[in-house]
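All remarks here apply to the structure that follows.
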Amino acid sequence: MIIATLLALVTSSATAEWYGPQKVNFDLTVPGSPYDAQTNDVQVRFTVGRHVEQRFAYFDGKHWSAVLLTQTPGDYHAQVMLNGVGVAKLPDDLDVNKKYTHGFIRVDQTARLFSFDDGTPYWPIGNSLGWQDPSCPPMTQQLAMMGSASMNWSRIWACNFDGRNPWWPRDRKLEGQDLDQAAFDKWDAIVSAASKAGVHFQWVLFHHGEFATMVDPMWSSNPWNRANGGFLASPVDFFTSEGAKARAKNYLRYVVARYGHENAILSWELFNEVENTDAARLGHWDVIGDWHREMAGYLRDIDPYHHLITSSSEMRPEITSSLDYYQPHGYPSNVGAMIEGSTTPTDRPFFYGEVGLGTNPPSPQAQRACVRDAIWSSLLSGDSGAAEYWYWDWTAKDNLFDEYSKAHSVIEALGISPGPAEKPVHVDLETSARSDLIFNPGIGWGASKKLAFAFPADASAKSMGQLSSFLQGTNHKDMGNQVQFDFTAPIAGKVAIRVGMVARAGAGLIVNLDGTQVLDQHWPAGDRDKPINQIFSFDCGQGQHHLVVSNPDSDWLTVQSYEFAGLGHGADISAATTAKGLIARIHKSGSGAANVELKSLPLGDGNYLLRIWNLDSSGSEDMQTTVKSGQLIQPLSLSGSDLILDMERR
């Protein structure tokens with residue numbers, strides 16, 4: 001019932017049209033703070049004939065304004081209302097007859113995809129912008145660069161790091177319910193730049209650090225902290241204090257009044273990583289859920305344009321019951337495996353709001369590969385949008401924008417609308433070459449979904465996406481503190497384990513190969529989590545083997561990869577069916593030419609047009625091929641290390 005209600009609110013007819021916007025400006029003297037909507041409820045009533053619409057007014061520090069965007073065009077009269085009473089009629093008629101392009105982004109009738117009011121499909125693809133990084137160009141310039149690269153989505157925080165938190169200015173203390181106009185000046189520029197660039201962003205209204213003493217703590221300097229002259233005794237009280245909720249609602253009402261008519265705003269994101277607030281860390285999910293339901297309900301009541309509402313990243317029912325789409329985050333050692341191994345909900349849109357490499361290695365090649373994985377694994381998994389790469393400073397520094405423009409051109413050439421219509425499928429791939437099997441866990445912090453693997457059956461991104469890179473100790477044994485592998489080594493070689501970090505409480509690593517202990521390593525407790533970046537390798541003969549890796553000590557360590565000599569096929573494949581045929585991505589261990597056989601293809605017998613794009617060189621080629629009994633009748637000779645294949649029936 002909840003879901004049906006949400007979808008009814010955010011789904012609109014494909015024929016919906018909007019007109020405007022038009023703004024009226026006026027002067028008005030009110031008692032007390034002009035930002036206190038409980039005391040001074042200032043609205044403007046717009047009338048054409050018998051049709052009446054009302055919009056919240058906002059004070060910009062000097063004057064009052066209100067903006068009308070409507071589905072009923074016409075020449076409107078405007079009247080200023082204070083606490084429900086008309087106080088002034090504005091003299092000039094308002095011409096609201098110009099069509100507003102596309103309208104707003106909604107969840108479409110499938111409940112899995114997005115589209116604009118006019119029916120134009122929308123598949124989010126982009127990277128985060130977070131806040132203004134000093135090493136990056138101005139955010140307005142970054143938005144223009146994103147638009148030029150065919151990116152259409154981002155997430156931008158209202159944070160005091162760069163002066164964009166309107167209730168927490170960097171350089172002064174606000175009085176009472178006042179809000180900071182300098183912050184809104186910055187938002188004016190951002191919204192304008194996003195609109196021009198065609199980048200639709202999630203406005204992150206609150207973030208975890210503001211109410212945290214444990215993770216990214218900022219509570220000690222929060223102006224709402226009683227120790228700083230505020231009114232909250234602890235960060236947990238933010239979610240229950242009536243005073244805090246009243247101030248939060250004033251803030252939400254103001255941004256709706258000033259920016260609600262802008263379709264550059266994809267959604268209101270209530271919180272970034274609320275799971276890292278003190279309230280969540282102390283287990284108060286009930287009050288966090290109540291707060292989300294109250295604020296989401298308030299936004300739906302006051303936003304005449306019904307922007308979508310989300311929150312990130314914990315997918316707990318206390319939170320998600322009030323949201324329009326799911327927005328998880330993830331930082332594993334293998335982003336592609338995480339995405340492809342995820343269980344995708346089907347009741348609402350789902351796509352990752354932040355992804356990055358858990359180790360964040362300072363390698364442009366690794367970051368580029370991460371961006372590429374975020375885009376293509378999302379598409380091949382049928383997600384509702386491309387996973388958003390978090391490190392916008394790397395995007396700017398290493399000019400990763402071309403990965404997005406390249407992806408846009410390939411997707412356009414494919415002639416598909418990315419999303420749930422792409423169904424992940426298993427395809428067998430064989431080559432004459434052999435390579436090491438690099439098994440990179442696809443879950444960051446979180447419980448492993450699978451702890452026993454057998455190769456070659458589990459030598460896939462989907463299987464990697466079931467294993468956490470955190471090998472837990474006895475503190476969280478239920479999340480997985482032992483993993484095992486069964487395999488047949490084609491040659492004598494090595495098995496290797498790459499350890500990244502060790503928790504400050506200490507951890508251990510015991511490795512047994514075929515019943516014989518080959519490693520017993522322990523790290524003592526320290527004053528912080530410690531980078532290890534060490535490889536442990538063991539001789540492994542030809543034939544069948546059973547490998548068991550466990551952590552007997554108290555806390556976690558991270559495993560970046562498990563590596564098996566000669567067990568790889570020289571290439572791996574991820575694939576999905578489409579309405580036209582099949583799309584696949586092939587990774588090869590080298591860029592030289594190699595013969596590749598594709599088997600178990602979910603395609604009928606017949607002739608197919610095969611199109612191949614090289615993601616490294618941007619080159620492409622077309623050829624004719626034939627499928628018989630689920631197999632290409634002849635191997636493909638493929639050059640390049642990262643390829644997109646498209647097969648269409650002819």
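Every chain in the structure tokens has a letter given in the order shown (A, B, ...), and although residue numbers restart at 1 in each chain, ligands are simply numbered from 1 in the order shown.
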List every residue of region 38-122 of chain A that has an atom at most 12 Å from any atom of region 174-184 of chain A, giving for each one its closest atom pair and the distance in Å to one decimal, counting only C-alpha atoms, sorted by chain and then by ascending residue number, as a tab-separated table.
```
residue	atom	partner	partner_atom	distance
A:Gln38	CA	A:Gln177	CA	10.2
A:Thr39	CA	A:Gln177	CA	10.5
A:Asn40	CA	A:Gln177	CA	11.4
A:Tyr58	CA	A:Leu179	CA	11.0
A:Phe59	CA	A:Gln181	CA	9.2
A:Asp60	CA	A:Gln181	CA	6.6
A:Gly61	CA	A:Gln181	CA	6.5
A:Lys62	CA	A:Gln181	CA	10.0
A:His63	CA	A:Gln181	CA	11.9
```
DSSP alpha helix (DSSP H) selection over region 170-386 of chain A, as JSON, numbers by chain: {"A": [181, 182, 183, 184, 185, 186, 187, 188, 189, 190, 191, 192, 193, 194, 195, 196, 197, 242, 243, 244, 245, 246, 247, 248, 249, 250, 251, 252, 253, 254, 255, 256, 257, 258, 259, 278, 279, 280, 281, 285, 286, 287, 288, 289, 290, 291, 292, 293, 294, 295, 296, 297, 298, 299, 300, 301, 302, 317, 318, 319, 320, 335, 336, 337, 338, 339, 340, 341, 364, 365, 366, 367, 368, 369, 370, 371, 372, 373, 374, 375, 376, 377, 378, 379, 380]}
Which residues of region 390-469 of chain A come within 8 Å of region 325-339 of chain A, and for each one, what is the closest pair of atoms and their distance in Å to one decimal, counting only C-alpha atoms, sorted by chain and residue number, as JSON lines?
```
{"residue": "A:Asn440", "atom": "CA", "partner": "A:Asn334", "partner_atom": "CA", "distance": 5.6}
{"residue": "A:Pro441", "atom": "CA", "partner": "A:Asn334", "partner_atom": "CA", "distance": 6.0}
{"residue": "A:Gly442", "atom": "CA", "partner": "A:Met338", "partner_atom": "CA", "distance": 4.0}
{"residue": "A:Ile443", "atom": "CA", "partner": "A:Pro332", "partner_atom": "CA", "distance": 5.1}
{"residue": "A:Gly444", "atom": "CA", "partner": "A:Pro332", "partner_atom": "CA", "distance": 3.9}
{"residue": "A:Trp445", "atom": "CA", "partner": "A:Pro332", "partner_atom": "CA", "distance": 7.6}
{"residue": "A:Ala461", "atom": "CA", "partner": "A:Ala337", "partner_atom": "CA", "distance": 4.4}
{"residue": "A:Lys462", "atom": "CA", "partner": "A:Ala337", "partner_atom": "CA", "distance": 5.7}
{"residue": "A:Ser463", "atom": "CA", "partner": "A:Ala337", "partner_atom": "CA", "distance": 7.5}
{"residue": "A:Met464", "atom": "CA", "partner": "A:Ala337", "partner_atom": "CA", "distance": 5.5}
{"residue": "A:Gly465", "atom": "CA", "partner": "A:Met338", "partner_atom": "CA", "distance": 4.4}
{"residue": "A:Gln466", "atom": "CA", "partner": "A:Met338", "partner_atom": "CA", "distance": 7.6}
{"residue": "A:Ser468", "atom": "CA", "partner": "A:Pro332", "partner_atom": "CA", "distance": 7.7}
{"residue": "A:Ser469", "atom": "CA", "partner": "A:Pro332", "partner_atom": "CA", "distance": 6.5}
```
Could you save the residues just selected, with N, CA and C atoms, as a JSON list (two decimals), in the first residue's frame?
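What ended up in out-v5.json:
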```json
[["chain", "number", "residue", "atom", "x", "y", "z"],
["A", 440, "ASN", "N", 38.47, -10.80, -7.30],
["A", 440, "ASN", "CA", 38.36, -9.58, -6.50],
["A", 440, "ASN", "C", 37.01, -9.52, -5.81],
["A", 441, "PRO", "N", 36.95, -9.53, -4.49],
["A", 441, "PRO", "CA", 35.65, -9.45, -3.80],
["A", 441, "PRO", "C", 34.88, -8.20, -4.20],
["A", 442, "GLY", "N", 33.57, -8.36, -4.36],
["A", 442, "GLY", "CA", 32.73, -7.26, -4.85],
["A", 442, "GLY", "C", 31.88, -6.59, -3.79],
["A", 443, "ILE", "N", 32.02, -6.98, -2.53],
["A", 443, "ILE", "CA", 31.29, -6.30, -1.45],
["A", 443, "ILE", "C", 32.32, -5.56, -0.60],
["A", 444, "GLY", "N", 32.00, -4.31, -0.26],
["A", 444, "GLY", "CA", 32.86, -3.56, 0.65],
["A", 444, "GLY", "C", 32.52, -3.97, 2.08],
["A", 445, "TRP", "N", 32.25, -2.97, 2.93],
["A", 445, "TRP", "CA", 31.82, -3.31, 4.29],
["A", 445, "TRP", "C", 30.42, -3.93, 4.21],
["A", 461, "ALA", "N", 32.08, -12.33, -12.45],
["A", 461, "ALA", "CA", 31.87, -11.11, -11.68],
["A", 461, "ALA", "C", 30.70, -11.28, -10.72],
["A", 462, "LYS", "N", 29.66, -12.00, -11.14],
["A", 462, "LYS", "CA", 28.49, -12.19, -10.29],
["A", 462, "LYS", "C", 28.88, -12.93, -9.01],
["A", 463, "SER", "N", 29.74, -13.95, -9.14],
["A", 463, "SER", "CA", 30.19, -14.69, -7.95],
["A", 463, "SER", "C", 31.08, -13.82, -7.07],
["A", 464, "MET", "N", 31.97, -13.04, -7.69],
["A", 464, "MET", "CA", 32.81, -12.14, -6.90],
["A", 464, "MET", "C", 31.96, -11.16, -6.11],
["A", 465, "GLY", "N", 30.82, -10.79, -6.69],
["A", 465, "GLY", "CA", 29.94, -9.85, -6.02],
["A", 465, "GLY", "C", 29.23, -10.42, -4.81],
["A", 466, "GLN", "N", 29.43, -11.69, -4.51],
["A", 466, "GLN", "CA", 28.83, -12.31, -3.33],
["A", 466, "GLN", "C", 29.77, -12.32, -2.13],
["A", 468, "SER", "N", 32.59, -10.49, 0.46],
["A", 468, "SER", "CA", 33.07, -9.23, 1.00],
["A", 468, "SER", "C", 34.59, -9.21, 1.02],
["A", 469, "SER", "N", 35.14, -8.03, 0.77],
["A", 469, "SER", "CA", 36.59, -7.87, 0.89],
["A", 469, "SER", "C", 37.01, -7.81, 2.35]]
```
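Our summary of the geometry notes that CA of Val511 (chain A) is positioned 18.4 Å from CA of Phe455 (chain A).
The shortest atom-to-atom distance to Ile105 (chain A), with only C-alpha atoms taken into account, belongs to A:His306 out of A:Glu53, A:Val255, A:Asn250, A:His306.
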Neighbours of region 632-644 of chain A within 7 Å (only C-alpha atoms; same-chain residues fewer than 4 positions away dropped), as number ranges by chain? A: 584-599, 612-616, 626-628
Using only N, CA, C and O atoms, please write the residues we just selected to a file, as a JSON list (two decimals), in the first residue's frame.
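Done, and the output landed in result17.json:
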```
[["chain", "number", "residue", "atom", "x", "y", "z"],
["A", 584, "ALA", "N", 27.26, -7.62, -24.71],
["A", 584, "ALA", "CA", 28.24, -8.23, -23.81],
["A", 584, "ALA", "C", 29.45, -7.33, -23.69],
["A", 584, "ALA", "O", 29.74, -6.52, -24.58],
["A", 585, "ARG", "N", 30.15, -7.48, -22.59],
["A", 585, "ARG", "CA", 31.43, -6.82, -22.38],
["A", 585, "ARG", "C", 32.47, -7.91, -22.15],
["A", 585, "ARG", "O", 32.28, -8.78, -21.29],
["A", 586, "ILE", "N", 33.55, -7.85, -22.90],
["A", 586, "ILE", "CA", 34.62, -8.84, -22.78],
["A", 586, "ILE", "C", 35.90, -8.15, -22.33],
["A", 586, "ILE", "O", 36.33, -7.17, -22.93],
["A", 587, "HIS", "N", 36.48, -8.66, -21.23],
["A", 587, "HIS", "CA", 37.80, -8.25, -20.78],
["A", 587, "HIS", "C", 38.80, -9.32, -21.20],
["A", 587, "HIS", "O", 38.59, -10.50, -20.91],
["A", 588, "LYS", "N", 39.86, -8.91, -21.86],
["A", 588, "LYS", "CA", 40.93, -9.84, -22.19],
["A", 588, "LYS", "C", 42.16, -9.50, -21.36],
["A", 588, "LYS", "O", 42.37, -8.35, -20.98],
["A", 589, "SER", "N", 42.98, -10.51, -21.11],
["A", 589, "SER", "CA", 44.18, -10.29, -20.29],
["A", 589, "SER", "C", 45.26, -9.52, -21.04],
["A", 589, "SER", "O", 46.16, -8.96, -20.44],
["A", 590, "GLY", "N", 45.17, -9.46, -22.33],
["A", 590, "GLY", "CA", 46.13, -8.70, -23.14],
["A", 590, "GLY", "C", 45.40, -8.00, -24.26],
["A", 590, "GLY", "O", 44.25, -8.30, -24.57],
["A", 591, "SER", "N", 46.07, -7.05, -24.93],
["A", 591, "SER", "CA", 45.41, -6.28, -25.98],
["A", 591, "SER", "C", 45.63, -6.87, -27.37],
["A", 591, "SER", "O", 45.01, -6.45, -28.34],
["A", 592, "GLY", "N", 46.50, -7.86, -27.48],
["A", 592, "GLY", "CA", 46.75, -8.48, -28.77],
["A", 592, "GLY", "C", 45.60, -9.33, -29.24],
["A", 592, "GLY", "O", 44.66, -9.63, -28.50],
["A", 593, "ALA", "N", 45.65, -9.76, -30.50],
["A", 593, "ALA", "CA", 44.58, -10.57, -31.08],
["A", 593, "ALA", "C", 44.52, -11.93, -30.39],
["A", 593, "ALA", "O", 45.55, -12.53, -30.06],
["A", 594, "ALA", "N", 43.30, -12.40, -30.14],
["A", 594, "ALA", "CA", 43.09, -13.72, -29.54],
["A", 594, "ALA", "C", 41.79, -14.29, -30.09],
["A", 594, "ALA", "O", 40.83, -13.56, -30.36],
["A", 595, "ASN", "N", 41.77, -15.61, -30.27],
["A", 595, "ASN", "CA", 40.56, -16.28, -30.72],
["A", 595, "ASN", "C", 39.66, -16.55, -29.51],
["A", 595, "ASN", "O", 40.09, -17.11, -28.50],
["A", 596, "VAL", "N", 38.40, -16.12, -29.63],
["A", 596, "VAL", "CA", 37.44, -16.24, -28.54],
["A", 596, "VAL", "C", 36.22, -17.01, -29.03],
["A", 596, "VAL", "O", 35.65, -16.68, -30.07],
["A", 597, "GLU", "N", 35.84, -18.04, -28.29],
["A", 597, "GLU", "CA", 34.63, -18.79, -28.60],
["A", 597, "GLU", "C", 33.54, -18.42, -27.60],
["A", 597, "GLU", "O", 33.79, -18.35, -26.40],
["A", 598, "LEU", "N", 32.34, -18.16, -28.11],
["A", 598, "LEU", "CA", 31.19, -17.86, -27.27],
["A", 598, "LEU", "C", 30.20, -19.02, -27.34],
["A", 598, "LEU", "O", 29.81, -19.45, -28.42],
["A", 599, "LYS", "N", 29.81, -19.54, -26.18],
["A", 599, "LYS", "CA", 28.89, -20.67, -26.10],
["A", 599, "LYS", "C", 27.77, -20.34, -25.12],
["A", 599, "LYS", "O", 27.82, -19.35, -24.38],
["A", 612, "ILE", "N", 31.32, -4.46, -32.73],
["A", 612, "ILE", "CA", 32.31, -4.49, -31.66],
["A", 612, "ILE", "C", 32.90, -3.10, -31.48],
["A", 612, "ILE", "O", 33.33, -2.47, -32.45],
["A", 613, "TRP", "N", 32.93, -2.63, -30.22],
["A", 613, "TRP", "CA", 33.56, -1.36, -29.89],
["A", 613, "TRP", "C", 34.73, -1.62, -28.95],
["A", 613, "TRP", "O", 34.60, -2.37, -27.97],
["A", 614, "ASN", "N", 35.86, -1.00, -29.24],
["A", 614, "ASN", "CA", 37.04, -1.08, -28.38],
["A", 614, "ASN", "C", 37.01, 0.13, -27.44],
["A", 614, "ASN", "O", 37.17, 1.27, -27.88],
["A", 615, "LEU", "N", 36.80, -0.12, -26.15],
["A", 615, "LEU", "CA", 36.67, 0.99, -25.20],
["A", 615, "LEU", "C", 37.98, 1.71, -24.94],
["A", 615, "LEU", "O", 38.00, 2.82, -24.41],
["A", 616, "ASP", "N", 39.09, 1.08, -25.29],
["A", 616, "ASP", "CA", 40.39, 1.73, -25.11],
["A", 616, "ASP", "C", 40.73, 2.66, -26.26],
["A", 616, "ASP", "O", 41.29, 3.74, -26.06],
["A", 626, "THR", "N", 27.13, -16.21, -37.40],
["A", 626, "THR", "CA", 26.02, -17.16, -37.36],
["A", 626, "THR", "C", 26.01, -17.90, -36.04],
["A", 626, "THR", "O", 27.07, -18.30, -35.53],
["A", 627, "VAL", "N", 24.84, -18.04, -35.46],
["A", 627, "VAL", "CA", 24.65, -18.79, -34.22],
["A", 627, "VAL", "C", 23.95, -20.10, -34.54],
["A", 627, "VAL", "O", 22.95, -20.12, -35.27],
["A", 628, "LYS", "N", 24.48, -21.18, -34.00],
["A", 628, "LYS", "CA", 23.85, -22.49, -34.14],
["A", 628, "LYS", "C", 23.95, -23.23, -32.83],
["A", 628, "LYS", "O", 25.02, -23.35, -32.25]]
```
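In this comparison, which uses only C-alpha atoms, the residue of A:Trp168, A:Phe116, A:Phe401, A:Phe56 approaching Gly260 (chain A) most closely is A:Phe56.
Considering the residues A:Glu318, A:Asp555, A:Asp133, A:Glu422 and counting only C-alpha atoms, Asp290 (chain A) has its shortest atom-to-atom contact with A:Glu318.
Minimum distance to Val67 (chain A) across A:Arg45, A:Arg611, A:Arg649, A:His51 (counting only C-alpha atoms) occurs at A:Arg45.
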CA of Ser409 (chain A) to CA of Leu266 (chain A), distance in Å rounded to a single decimal: 23.2 Å
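Distances here use only C-alpha atoms; by that measure, the residue among A:Asp185, A:Glu648, A:Glu273, A:Asp478 closest to Glu210 (chain A) is A:Glu273.
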Test item: residues at most 9 Å from Lys98 (chain A), only C-alpha atoms, excluding those fewer than 5 positions along its chain, as a list of chain:residue names: A:Trp18, A:Tyr19, A:Gly20, A:Pro21, A:Pro73
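Distances from A:Ala227, A:Leu308, A:Leu380, A:Leu471 to Val499 (chain A) were compared using only C-alpha atoms, and the smallest one belongs to A:Leu471.
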Residue contacts of region 479-489 of chain A (9 Å, only C-alpha atoms) excluding same-chain residues fewer than 4 positions away, as a VMD selection string: chain A and resid 446 to 456 467 to 468 470 to 474 493 540 to 552 556 564 to 567
